[in-house]
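Trainee: File my_file-v3.csv follows (CSV, C-alpha atoms and all ligand atoms):
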chain,number,residue,atom,x,y,z
A,1,MET,CA,-32.5,0.4,13.3
A,2,LYS,CA,-32.2,4.2,13.6
A,3,THR,CA,-29.4,5.7,11.4
A,4,SER,CA,-27.8,9.1,10.9
A,5,PRO,CA,-26.9,10.7,7.6
A,6,VAL,CA,-23.1,11.3,7.1
A,7,LYS,CA,-21.2,13.0,4.3
A,8,ALA,CA,-18.9,10.6,2.3
A,9,TYR,CA,-17.0,10.2,-0.9
A,10,GLY,CA,-17.6,7.2,-3.1
A,11,THR,CA,-18.6,5.9,-6.5
A,12,LYS,CA,-21.7,4.3,-8.0
A,13,ALA,CA,-20.1,2.6,-11.0
A,14,PRO,CA,-16.7,1.1,-12.0
A,15,ASP,CA,-16.0,3.8,-14.6
A,16,ALA,CA,-17.3,6.8,-12.6
A,17,ASP,CA,-15.3,9.3,-10.6
A,18,LEU,CA,-15.6,9.3,-6.9
A,19,GLN,CA,-18.0,12.1,-5.8
A,20,GLN,CA,-19.6,13.4,-2.6
A,21,MET,CA,-22.6,11.3,-1.4
A,22,GLU,CA,-24.6,10.8,1.7
A,23,ILE,CA,-24.5,7.4,3.6
A,24,SER,CA,-26.1,6.1,6.7
A,25,ARG,CA,-24.3,5.2,9.8
A,26,ARG,CA,-26.1,3.0,12.4
A,27,GLU,CA,-27.1,4.3,15.8
A,28,LEU,CA,-24.7,3.1,18.4
A,29,THR,CA,-25.3,-0.4,19.8
A,30,ALA,CA,-24.1,-1.0,23.4
A,31,GLY,CA,-20.6,-2.1,22.2
A,32,ASP,CA,-20.1,0.5,19.5
A,33,VAL,CA,-17.7,3.4,19.3
A,34,GLU,CA,-18.5,6.4,17.0
A,35,ILE,CA,-15.3,7.9,15.6
A,36,ASP,CA,-14.8,11.4,14.1
A,37,ILE,CA,-12.5,10.6,11.2
A,38,HIS,CA,-9.5,13.0,10.9
A,39,TYR,CA,-7.3,11.1,8.3
A,40,CYS,CA,-7.8,8.2,5.9
A,41,GLY,CA,-5.0,6.7,3.9
A,42,VAL,CA,-5.5,5.8,0.2
A,43,CYS,CA,-4.6,2.2,-0.5
A,44,HIS,CA,-4.3,0.7,-4.0
A,45,SER,CA,-7.0,-1.8,-2.9
A,46,ASP,CA,-9.4,1.2,-2.7
A,47,LEU,CA,-8.8,1.8,-6.4
A,48,HIS,CA,-9.1,-1.9,-7.3
A,49,PHE,CA,-12.4,-2.0,-5.4
A,50,ALA,CA,-13.9,1.2,-6.7
A,51,ARG,CA,-13.1,0.1,-10.2
A,52,ASN,CA,-14.3,-3.5,-9.7
A,53,ASP,CA,-10.9,-4.9,-10.7
A,54,TRP,CA,-11.6,-8.0,-8.5
A,55,GLY,CA,-15.2,-8.5,-10.0
A,56,MET,CA,-16.9,-8.5,-6.6
A,57,THR,CA,-17.8,-4.9,-6.0
A,58,GLN,CA,-21.3,-3.9,-5.1
A,59,TYR,CA,-22.1,-0.3,-5.5
A,60,PRO,CA,-22.2,2.3,-4.1
A,61,VAL,CA,-18.7,2.0,-2.7
A,62,VAL,CA,-17.1,4.3,-0.1
A,63,PRO,CA,-13.5,3.2,0.2
A,64,GLY,CA,-11.0,3.8,2.9
A,65,HIS,CA,-9.5,1.4,5.5
A,66,GLU,CA,-6.6,3.3,7.0
A,67,ILE,CA,-8.7,5.4,9.4
A,68,VAL,CA,-7.4,7.6,12.3
A,69,GLY,CA,-9.7,9.8,14.4
A,70,THR,CA,-11.0,10.5,17.8
A,71,VAL,CA,-13.8,8.9,19.8
A,72,LYS,CA,-17.0,11.0,19.5
A,73,ARG,CA,-19.5,8.8,21.4
A,74,VAL,CA,-19.5,5.4,23.0
A,75,GLY,CA,-22.2,2.8,23.6
A,76,GLU,CA,-23.2,2.0,27.2
A,77,ASP,CA,-21.2,-1.2,27.5
A,78,VAL,CA,-18.0,0.2,26.0
A,79,THR,CA,-15.1,-0.2,28.4
A,80,ARG,CA,-11.9,0.2,26.4
A,81,TYR,CA,-12.4,3.7,24.9
A,82,SER,CA,-13.6,7.1,26.1
A,83,VAL,CA,-14.7,10.2,24.3
A,84,GLY,CA,-11.6,12.1,22.9
A,85,ASP,CA,-9.3,9.0,22.7
A,86,LEU,CA,-7.1,8.9,19.6
A,87,VAL,CA,-8.1,5.7,17.8
A,88,ALA,CA,-7.8,3.8,14.5
A,89,VAL,CA,-9.7,1.4,12.3
A,90,GLY,CA,-8.1,-0.8,9.7
A,91,CYS,CA,-9.4,-3.3,7.2
A,92,LEU,CA,-11.7,-5.3,9.5
A,93,VAL,CA,-14.8,-4.2,11.4
A,94,ASP,CA,-16.2,-7.6,12.5
A,95,SER,CA,-15.8,-11.4,12.4
A,96,CYS,CA,-17.6,-14.4,13.8
A,97,ARG,CA,-15.4,-14.4,16.9
A,98,THR,CA,-15.9,-18.2,17.5
A,99,CYS,CA,-14.1,-20.0,14.7
A,100,ASP,CA,-10.6,-21.4,15.0
A,101,ASN,CA,-9.1,-18.4,13.2
A,102,CYS,CA,-10.9,-15.9,15.4
A,103,LYS,CA,-9.8,-17.8,18.5
A,104,LYS,CA,-6.2,-17.5,17.3
A,105,ASP,CA,-6.4,-13.8,16.7
A,106,LEU,CA,-6.5,-14.4,12.9
A,107,GLU,CA,-9.8,-12.6,12.3
A,108,GLN,CA,-8.6,-11.8,8.8
A,109,TYR,CA,-9.0,-15.5,7.9
A,110,CYS,CA,-12.4,-15.9,9.5
A,111,PRO,CA,-14.9,-17.1,6.8
A,112,GLU,CA,-17.3,-14.4,8.1
A,113,TRP,CA,-14.9,-11.5,8.4
A,114,VAL,CA,-16.4,-8.1,7.6
A,115,GLY,CA,-14.4,-5.7,5.6
A,116,THR,CA,-14.4,-2.0,6.6
A,117,TYR,CA,-15.9,-1.3,3.1
A,118,GLY,CA,-17.7,-3.7,0.8
A,119,GLY,CA,-18.5,-6.1,3.7
A,120,TYR,CA,-21.9,-7.0,5.0
A,121,ASP,CA,-23.3,-4.8,7.8
A,122,LYS,CA,-25.7,-7.2,9.6
A,123,HIS,CA,-27.1,-4.2,11.6
A,124,LEU,CA,-28.3,-2.3,8.5
A,125,ASP,CA,-28.5,-5.2,6.0
A,126,THR,CA,-26.4,-3.2,3.6
A,127,ASN,CA,-22.7,-2.9,2.5
A,128,THR,CA,-20.3,-1.5,5.0
A,129,HIS,CA,-18.8,1.9,4.0
A,130,GLY,CA,-15.2,3.0,4.7
A,131,GLY,CA,-13.2,5.9,5.9
A,132,TYR,CA,-13.7,8.4,3.1
A,133,SER,CA,-16.4,9.9,5.3
A,134,GLU,CA,-17.0,12.1,8.3
A,135,THR,CA,-17.6,9.4,10.9
A,136,ILE,CA,-17.7,5.7,11.3
A,137,VAL,CA,-19.4,3.4,13.9
A,138,VAL,CA,-17.4,0.3,14.8
A,139,ASP,CA,-17.6,-2.4,17.6
A,140,GLU,CA,-15.0,-1.6,20.2
A,141,ALA,CA,-13.4,-5.0,19.6
A,142,PHE,CA,-12.3,-3.8,16.2
A,143,VAL,CA,-11.1,-0.4,17.3
A,144,LEU,CA,-7.4,0.2,17.9
A,145,ARG,CA,-5.5,2.5,20.2
A,146,VAL,CA,-3.0,5.0,18.6
A,147,PRO,CA,0.2,6.0,20.4
A,148,ASP,CA,0.0,9.7,21.0
A,149,ASN,CA,3.7,10.5,20.1
A,150,LEU,CA,3.2,9.9,16.3
A,151,ASP,CA,2.1,12.1,13.4
A,152,LYS,CA,-1.7,11.4,13.0
A,153,ALA,CA,-1.6,11.5,9.2
A,154,GLY,CA,1.6,9.4,9.0
A,155,ILE,CA,0.1,6.7,11.2
A,156,ALA,CA,-3.0,6.1,9.0
A,157,PRO,CA,-1.2,3.9,6.4
A,158,VAL,CA,0.1,1.6,9.2
A,159,LEU,CA,-3.5,0.3,9.4
A,160,CYS,CA,-3.2,-1.5,6.0
A,161,ALA,CA,0.1,-0.9,4.3
A,162,GLY,CA,1.9,-1.5,7.6
A,163,ILE,CA,0.0,-4.5,8.9
A,164,THR,CA,0.0,-6.2,5.5
A,165,THR,CA,3.8,-6.3,5.5
A,166,TRP,CA,4.3,-6.7,9.3
A,167,SER,CA,2.2,-9.8,9.4
A,168,PRO,CA,4.5,-11.8,7.0
A,169,LEU,CA,7.6,-10.3,8.6
A,170,ARG,CA,6.4,-11.7,12.0
A,171,HIS,CA,5.0,-15.0,10.7
A,172,TRP,CA,8.3,-15.8,9.0
A,173,ASN,CA,10.3,-14.7,12.1
A,174,VAL,CA,12.3,-11.9,10.5
A,175,GLY,CA,15.0,-10.7,12.8
A,176,LYS,CA,18.6,-9.4,12.7
A,177,ASP,CA,20.0,-12.4,10.8
A,178,SER,CA,17.4,-12.3,8.1
A,179,LYS,CA,17.8,-11.3,4.5
A,180,VAL,CA,14.6,-9.7,3.3
A,181,ALA,CA,13.7,-8.4,-0.1
A,182,VAL,CA,10.7,-6.2,-1.0
A,183,VAL,CA,9.3,-6.0,-4.6
A,184,GLY,CA,7.8,-2.6,-5.5
A,185,LEU,CA,8.3,0.7,-3.7
A,186,GLY,CA,4.8,2.0,-3.2
A,187,GLY,CA,2.6,2.2,-0.1
A,188,LEU,CA,3.1,-1.3,1.1
A,189,GLY,CA,6.7,-1.5,-0.1
A,190,HIS,CA,7.9,1.5,1.8
A,191,MET,CA,6.4,0.3,5.0
A,192,ALA,CA,7.9,-3.2,4.4
A,193,ILE,CA,11.4,-1.6,4.2
A,194,LYS,CA,10.9,0.5,7.3
A,195,LEU,CA,9.5,-2.4,9.4
A,196,ALA,CA,12.0,-5.0,8.2
A,197,ASP,CA,14.9,-2.5,8.9
A,198,ALA,CA,13.5,-1.8,12.4
A,199,LEU,CA,13.5,-5.6,13.0
A,200,GLY,CA,17.2,-5.6,12.2
A,201,ALA,CA,17.0,-7.4,8.9
A,202,HIS,CA,19.3,-6.8,5.9
A,203,VAL,CA,16.8,-5.3,3.4
A,204,THR,CA,16.9,-5.2,-0.4
A,205,LEU,CA,14.4,-3.5,-2.7
A,206,PHE,CA,13.5,-4.8,-6.1
A,207,SER,CA,12.1,-1.9,-8.2
A,208,ARG,CA,11.5,-1.1,-11.8
A,209,SER,CA,12.6,2.5,-11.2
A,210,LYS,CA,16.2,3.7,-10.9
A,211,SER,CA,14.8,7.0,-9.6
A,212,LYS,CA,13.8,5.3,-6.4
A,213,ILE,CA,17.2,4.1,-5.3
A,214,GLU,CA,18.1,7.0,-3.1
A,215,ASP,CA,14.7,7.1,-1.4
A,216,ALA,CA,14.8,3.3,-0.7
A,217,LYS,CA,18.2,3.7,1.0
A,218,ALA,CA,16.8,6.7,3.1
A,219,LEU,CA,13.9,4.5,4.1
A,220,GLY,CA,16.2,1.8,5.4
A,221,ALA,CA,17.1,-0.4,2.4
A,222,ASP,CA,20.7,-1.7,2.3
A,223,ALA,CA,20.6,-2.5,-1.4
A,224,VAL,CA,18.4,-1.9,-4.5
A,225,ILE,CA,18.2,-4.2,-7.5
A,226,ILE,CA,16.5,-2.9,-10.7
A,227,SER,CA,14.3,-5.8,-11.7
A,228,THR,CA,14.9,-5.3,-15.4
A,229,ASP,CA,18.7,-5.7,-14.9
A,230,GLU,CA,19.1,-9.4,-15.7
A,231,ALA,CA,22.8,-9.5,-14.6
A,232,ALA,CA,21.9,-8.0,-11.2
A,233,MET,CA,19.0,-10.4,-10.8
A,234,GLU,CA,21.4,-13.3,-11.6
A,235,ARG,CA,24.0,-12.1,-9.1
A,236,ALA,CA,21.2,-12.2,-6.4
A,237,ALA,CA,20.5,-15.9,-6.9
A,238,GLY,CA,20.1,-17.9,-3.7
A,239,THR,CA,20.1,-14.8,-1.4
A,240,PHE,CA,16.9,-14.1,0.4
A,241,ASP,CA,15.1,-15.8,3.3
A,242,LEU,CA,11.8,-13.8,2.7
A,243,ILE,CA,10.6,-11.8,-0.2
A,244,ILE,CA,7.5,-9.6,0.1
A,245,ASP,CA,6.0,-9.0,-3.3
A,246,THR,CA,3.7,-5.9,-3.3
A,247,VAL,CA,3.2,-5.5,-7.1
A,248,PRO,CA,-0.5,-5.0,-7.8
A,249,TYR,CA,-0.7,-6.6,-11.3
A,250,ALA,CA,0.2,-10.0,-12.8
A,251,HIS,CA,4.0,-10.4,-13.3
A,252,ASP,CA,6.6,-13.1,-13.6
A,253,LEU,CA,7.5,-14.5,-10.2
A,254,ASN,CA,10.1,-16.9,-11.5
A,255,PRO,CA,13.0,-14.5,-11.5
A,256,TYR,CA,12.3,-13.6,-7.8
A,257,VAL,CA,12.0,-17.3,-6.8
A,258,ALA,CA,15.5,-17.7,-8.2
A,259,THR,CA,16.8,-15.2,-5.6
A,260,LEU,CA,15.4,-17.1,-2.6
A,261,ASN,CA,17.9,-19.0,-0.4
A,262,THR,CA,17.2,-22.7,0.5
A,263,ASN,CA,14.0,-22.8,2.6
A,264,GLY,CA,13.2,-19.2,1.5
A,265,THR,CA,9.6,-17.9,1.0
A,266,LEU,CA,8.2,-15.5,-1.5
A,267,VAL,CA,5.0,-14.1,-0.1
A,268,VAL,CA,2.6,-12.5,-2.5
A,269,VAL,CA,0.6,-9.7,-0.9
A,270,GLY,CA,0.0,-7.4,-4.0
A,271,TYR,CA,-1.6,-9.3,-6.8
A,272,LEU,CA,-4.8,-11.3,-6.6
A,273,GLY,CA,-5.4,-13.6,-9.5
A,274,PRO,CA,-3.9,-16.3,-11.8
A,275,LEU,CA,-0.2,-16.1,-12.4
A,276,ASP,CA,1.0,-15.3,-15.9
A,277,PRO,CA,3.5,-16.7,-16.7
A,278,MET,CA,3.1,-19.8,-14.6
A,279,LEU,CA,5.4,-20.8,-11.8
A,280,VAL,CA,8.2,-23.2,-12.7
A,281,THR,CA,8.4,-25.7,-9.8
A,282,VAL,CA,12.0,-27.0,-10.5
A,283,PRO,CA,13.8,-24.2,-8.5
A,284,MET,CA,11.2,-24.6,-5.7
A,285,ILE,CA,11.8,-28.3,-5.5
A,286,MET,CA,15.6,-28.0,-5.7
A,287,GLY,CA,15.8,-25.5,-2.9
A,288,ARG,CA,12.7,-26.4,-0.7
A,289,LYS,CA,11.4,-22.9,-1.6
A,290,SER,CA,7.8,-21.7,-1.0
A,291,VAL,CA,5.5,-19.3,-2.7
A,292,ALA,CA,2.9,-18.1,-0.2
A,293,GLY,CA,0.2,-15.4,0.2
A,294,SER,CA,-0.8,-13.3,3.2
A,295,LEU,CA,-3.8,-11.1,4.0
A,296,ILE,CA,-3.6,-7.9,6.2
A,297,GLY,CA,-3.3,-9.0,9.9
A,298,GLY,CA,-5.5,-9.6,12.9
A,299,ILE,CA,-6.6,-7.1,15.5
A,300,ALA,CA,-4.1,-8.0,18.2
A,301,GLU,CA,-1.3,-8.1,15.6
A,302,THR,CA,-2.3,-4.6,14.3
A,303,GLN,CA,-2.3,-3.3,17.9
A,304,GLU,CA,1.2,-4.9,18.3
A,305,LEU,CA,2.3,-3.0,15.2
A,306,LEU,CA,0.9,0.3,16.3
A,307,ASP,CA,2.7,0.0,19.7
A,308,PHE,CA,5.9,-1.0,17.8
A,309,CYS,CA,5.6,2.1,15.7
A,310,GLY,CA,5.1,4.2,18.8
A,311,LYS,CA,8.2,2.7,20.4
A,312,HIS,CA,10.4,3.0,17.3
A,313,ASN,CA,8.9,6.3,16.0
A,314,ILE,CA,7.8,4.8,12.7
A,315,THR,CA,5.2,6.4,10.5
A,316,SER,CA,4.5,6.4,6.8
A,317,ASP,CA,5.8,9.0,4.4
A,318,VAL,CA,2.7,10.7,3.2
A,319,GLU,CA,1.3,13.4,0.9
A,320,VAL,CA,-1.8,14.8,2.6
A,321,ILE,CA,-4.6,15.8,0.2
A,322,PRO,CA,-8.1,17.1,0.5
A,323,ILE,CA,-10.8,14.7,-0.5
A,324,GLN,CA,-11.7,16.8,-3.6
A,325,ASP,CA,-8.3,15.6,-5.1
A,326,ILE,CA,-9.1,11.9,-4.7
A,327,ASN,CA,-9.7,11.1,-8.4
A,328,ALA,CA,-6.4,12.8,-9.4
A,329,ALA,CA,-4.7,10.9,-6.6
A,330,TYR,CA,-5.9,7.6,-8.0
A,331,GLU,CA,-4.4,8.4,-11.4
A,332,ARG,CA,-1.1,9.4,-9.8
A,333,MET,CA,-1.1,6.2,-7.7
A,334,LEU,CA,-1.4,4.2,-11.0
A,335,GLN,CA,1.7,6.0,-12.3
A,336,SER,CA,3.5,5.3,-9.0
A,337,ASP,CA,3.7,9.1,-8.6
A,338,VAL,CA,3.4,9.4,-4.8
A,339,LYS,CA,6.0,9.4,-2.0
A,340,TYR,CA,4.7,7.0,-0.7
A,341,ARG,CA,1.1,7.1,0.4
A,342,PHE,CA,-1.7,9.6,-0.1
A,343,VAL,CA,-3.6,10.4,3.1
A,344,ILE,CA,-6.8,12.3,3.0
A,345,ASP,CA,-7.4,15.1,5.5
A,346,MET,CA,-11.1,14.3,6.1
A,347,ARG,CA,-11.8,17.7,7.5
A,348,SER,CA,-11.8,18.8,3.8
A,349,LEU,CA,-15.2,17.0,3.5
A,350,LYS,CA,-16.8,19.5,5.9
A,351,GLN,CA,-15.9,22.4,3.5
B,1,LIG,P1,1.1,1.2,-4.7
B,1,LIG,O1,1.4,2.2,-3.7
B,1,LIG,O2,0.5,1.6,-6.0
B,1,LIG,O3,2.5,0.5,-5.0
B,1,LIG,C1,2.7,-0.6,-5.9
B,1,LIG,C2,4.1,-0.6,-6.4
B,1,LIG,O4,4.3,-1.8,-7.2
B,1,LIG,C3,4.5,0.6,-7.3
B,1,LIG,O5,5.0,1.6,-6.5
B,1,LIG,C4,5.6,0.0,-8.2
B,1,LIG,O6,6.9,0.0,-7.5
B,1,LIG,C5,5.3,-1.5,-8.2
B,1,LIG,N1,4.8,-1.9,-9.6
B,1,LIG,C6,5.3,-2.8,-10.4
B,1,LIG,N2,4.7,-3.0,-11.5
B,1,LIG,C7,3.6,-2.2,-11.4
B,1,LIG,C8,2.6,-1.8,-12.3
B,1,LIG,N3,2.4,-2.5,-13.5
B,1,LIG,N4,1.7,-0.9,-12.0
B,1,LIG,C9,1.8,-0.2,-10.8
B,1,LIG,N5,2.8,-0.5,-9.9
B,1,LIG,C10,3.7,-1.4,-10.2
B,1,LIG,O7,0.2,0.0,-4.2
B,1,LIG,P2,0.0,-0.4,-2.6
B,1,LIG,O8,-1.1,0.4,-2.0
B,1,LIG,O9,1.3,-0.6,-2.0
B,1,LIG,O10,-0.7,-1.9,-2.9
B,1,LIG,C11,0.0,-2.9,-3.6
B,1,LIG,C12,-0.9,-4.0,-3.9
B,1,LIG,O11,-1.2,-4.7,-2.6
B,1,LIG,C13,-2.3,-3.7,-4.4
B,1,LIG,O12,-2.6,-4.6,-5.4
B,1,LIG,C14,-3.2,-3.8,-3.2
B,1,LIG,O13,-4.6,-4.1,-3.6
B,1,LIG,C15,-2.6,-5.0,-2.5
B,1,LIG,N6,-2.9,-5.1,-1.1
B,1,LIG,C16,-3.0,-6.3,-0.6
B,1,LIG,C17,-3.2,-6.5,0.8
B,1,LIG,C18,-3.2,-7.9,1.4
B,1,LIG,O14,-3.8,-8.0,2.5
B,1,LIG,N7,-2.7,-8.9,0.8
B,1,LIG,C19,-3.4,-5.4,1.6
B,1,LIG,C20,-3.3,-4.1,1.0
B,1,LIG,C21,-3.0,-4.0,-0.3
B,1,LIG,P3,8.3,0.2,-8.4
B,1,LIG,O15,8.1,1.5,-9.1
B,1,LIG,O16,9.3,0.3,-7.3
B,1,LIG,O17,8.4,-1.0,-9.2
B,2,ZN,ZN,-5.4,-1.6,1.9
B,3,ZN,ZN,-14.3,-16.4,12.8
Do you think you could lay out the structure here as structure tokens?
Mentor:
Amino acid sequence: MKTSPVKAYGTKAPDADLQQMEISRRELTAGDVEIDIHYCGVCHSDLHFARNDWGMTQYPVVPGHEIVGTVKRVGEDVTRYSVGDLVAVGCLVDSCRTCDNCKKDLEQYCPEWVGTYGGYDKHLDTNTHGGYSETIVVDEAFVLRVPDNLDKAGIAPVLCAGITTWSPLRHWNVGKDSKVAVVGLGGLGHMAIKLADALGAHVTLFSRSKSKIEDAKALGADAVIISTDEAAMERAAGTFDLIIDTVPYAHDLNPYVATLNTNGTLVVVGYLGPLDPMLVTVPMIMGRKSVAGSLIGGIAETQELLDFCGKHNITSDVEVIPIQDINAAYERMLQSDVKYRFVIDMRSLKQ
């Protein structure tokens, strides 16, 4: 298949910095949309993947799955989008479209789902490459429409940080009588607070950092509990209907399970791997509590969220950076030194 060379930023090894490289984008098939990328958010998953934290990375990697841009060209059968439309691409660019999960709009749980980066591009027989690049070519079924009343940089993180927290909020039916807690105030955590607040829930943040209390309240949290304050953790026993845990590394879930109400659920979205220390089942049994996981969200649910954000004027709090600052941004993200999401202005790649 014919391809076009495109400028991108990526890495060829787990311990190497990201640097400028050239990748190939496929020629448009009949159903494809070519997007000029304006902004791309920086997710902690980008860092995990670039550094092979999950042991499954194939190099080279071009991260980025919070993509906002405009339609540059469309294939001959494209009906939903026209040149110039403001569009977005999140974490998924394809799936089998026939399995039970696909039929239920749960493409993220399709056994053959294709990630925006690090997935398998059947057209080119290579890895897919993400949004730290000038353009991307995506089947129109995996392209999303962006409300035009929102800040374009601020909307980018909705495509991953937003949908990853929205999907559990919706699945566990969060509404105005719900008591929701969020563990960790980073990219996912700050979107979780904004979205749970917009759904009318009472929202509490668990954080390691006293310095984030004021910010959390400004974002919509009703209360903040410092997770190292054992007395405060004990006072919160039996409180929450849903806890969304966004912490990226192994940590003790047991103190959070204790703060769930009867029938409550702690949903892990942050950490992938074995728990250390292990879960103690007694409090779960005594209170019919659940510990669950959740992966991003489907295409229809992501569009639902973008439309919700348009209606409620919700965007992410972002620090816009040029792509040349990406390695420093990764180090700062590891230190939780960002309020609360880096977004790359991809026009900096043309410099
Ligand atoms: P982030 O911006 O770096 O935020 C993580 C937050 O976790 C920090 O701000 C910090 O908040 C807290 N934290 C607690 N212990 C930490 C530690 N040892 N090191 C760093 N942070 C710690 O990350 P993110 O982009 O929100 O992503 C969070 C995790 O979700 C990542 O592991 C990412 O891969 C994963 N993720 C999963 C999905 C999914 O579909 N399930 C989708 C996207 C991302 P405090 O300072 O308030 O404690
Ligand atoms: Zn992500
Ligand atoms: Zn499928």
Trainee: Of the residues A:Val93, A:Leu124, A:Ala181, A:Val343, which is the one nearest to A:Glu112, using all atoms listed in the file?
Mentor: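 Distance minimum relative to A:Glu112 lands on A:Val93.
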Trainee: Mind checking which residues fall within 9 Å of A:Val182, counting all atoms listed in the file, ignoring those fewer than 3 positions away in the same chain, and posting them as a list in words?
Mentor: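 Those residues are Leu185, Gly189, His190, Ala192, Ile193, Val203, Thr204, Leu205, Phe206, Ser207, Leu242, Ile243, Ile244, Asp245 and Thr246 of chain A.
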Trainee: Could you report the residues within 6 Å of ligand ZN 3 (chain B), using all atoms listed in the file, as a PDB file with C-alpha atoms, in the frame of the given file?
Mentor:
ATOM      1  CA  SER A  95     -15.800 -11.400  12.400  1.00  0.00           C
ATOM      2  CA  CYS A  96     -17.600 -14.400  13.800  1.00  0.00           C
ATOM      3  CA  ARG A  97     -15.400 -14.400  16.900  1.00  0.00           C
ATOM      4  CA  THR A  98     -15.900 -18.200  17.500  1.00  0.00           C
ATOM      5  CA  CYS A  99     -14.100 -20.000  14.700  1.00  0.00           C
ATOM      6  CA  ASN A 101      -9.100 -18.400  13.200  1.00  0.00           C
ATOM      7  CA  CYS A 102     -10.900 -15.900  15.400  1.00  0.00           C
ATOM      8  CA  GLU A 107      -9.800 -12.600  12.300  1.00  0.00           C
ATOM      9  CA  CYS A 110     -12.400 -15.900   9.500  1.00  0.00           C
ATOM     10  CA  GLU A 112     -17.300 -14.400   8.100  1.00  0.00           C
TER      11      GLU A 112
END
Trainee: What is the distance, in Å and to one decimal place, between atom CA of A:Gly90 and atom CA of A:Arg208?
Mentor: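 Interatomic distance here is 29.1 Å.
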Trainee: Just want the residues within 7 Å of ligand ZN 2 (chain B), written as a PyMOL selection string, counting all atoms listed in the file.
Mentor: chain A and resi 43-46+65+91+160-161
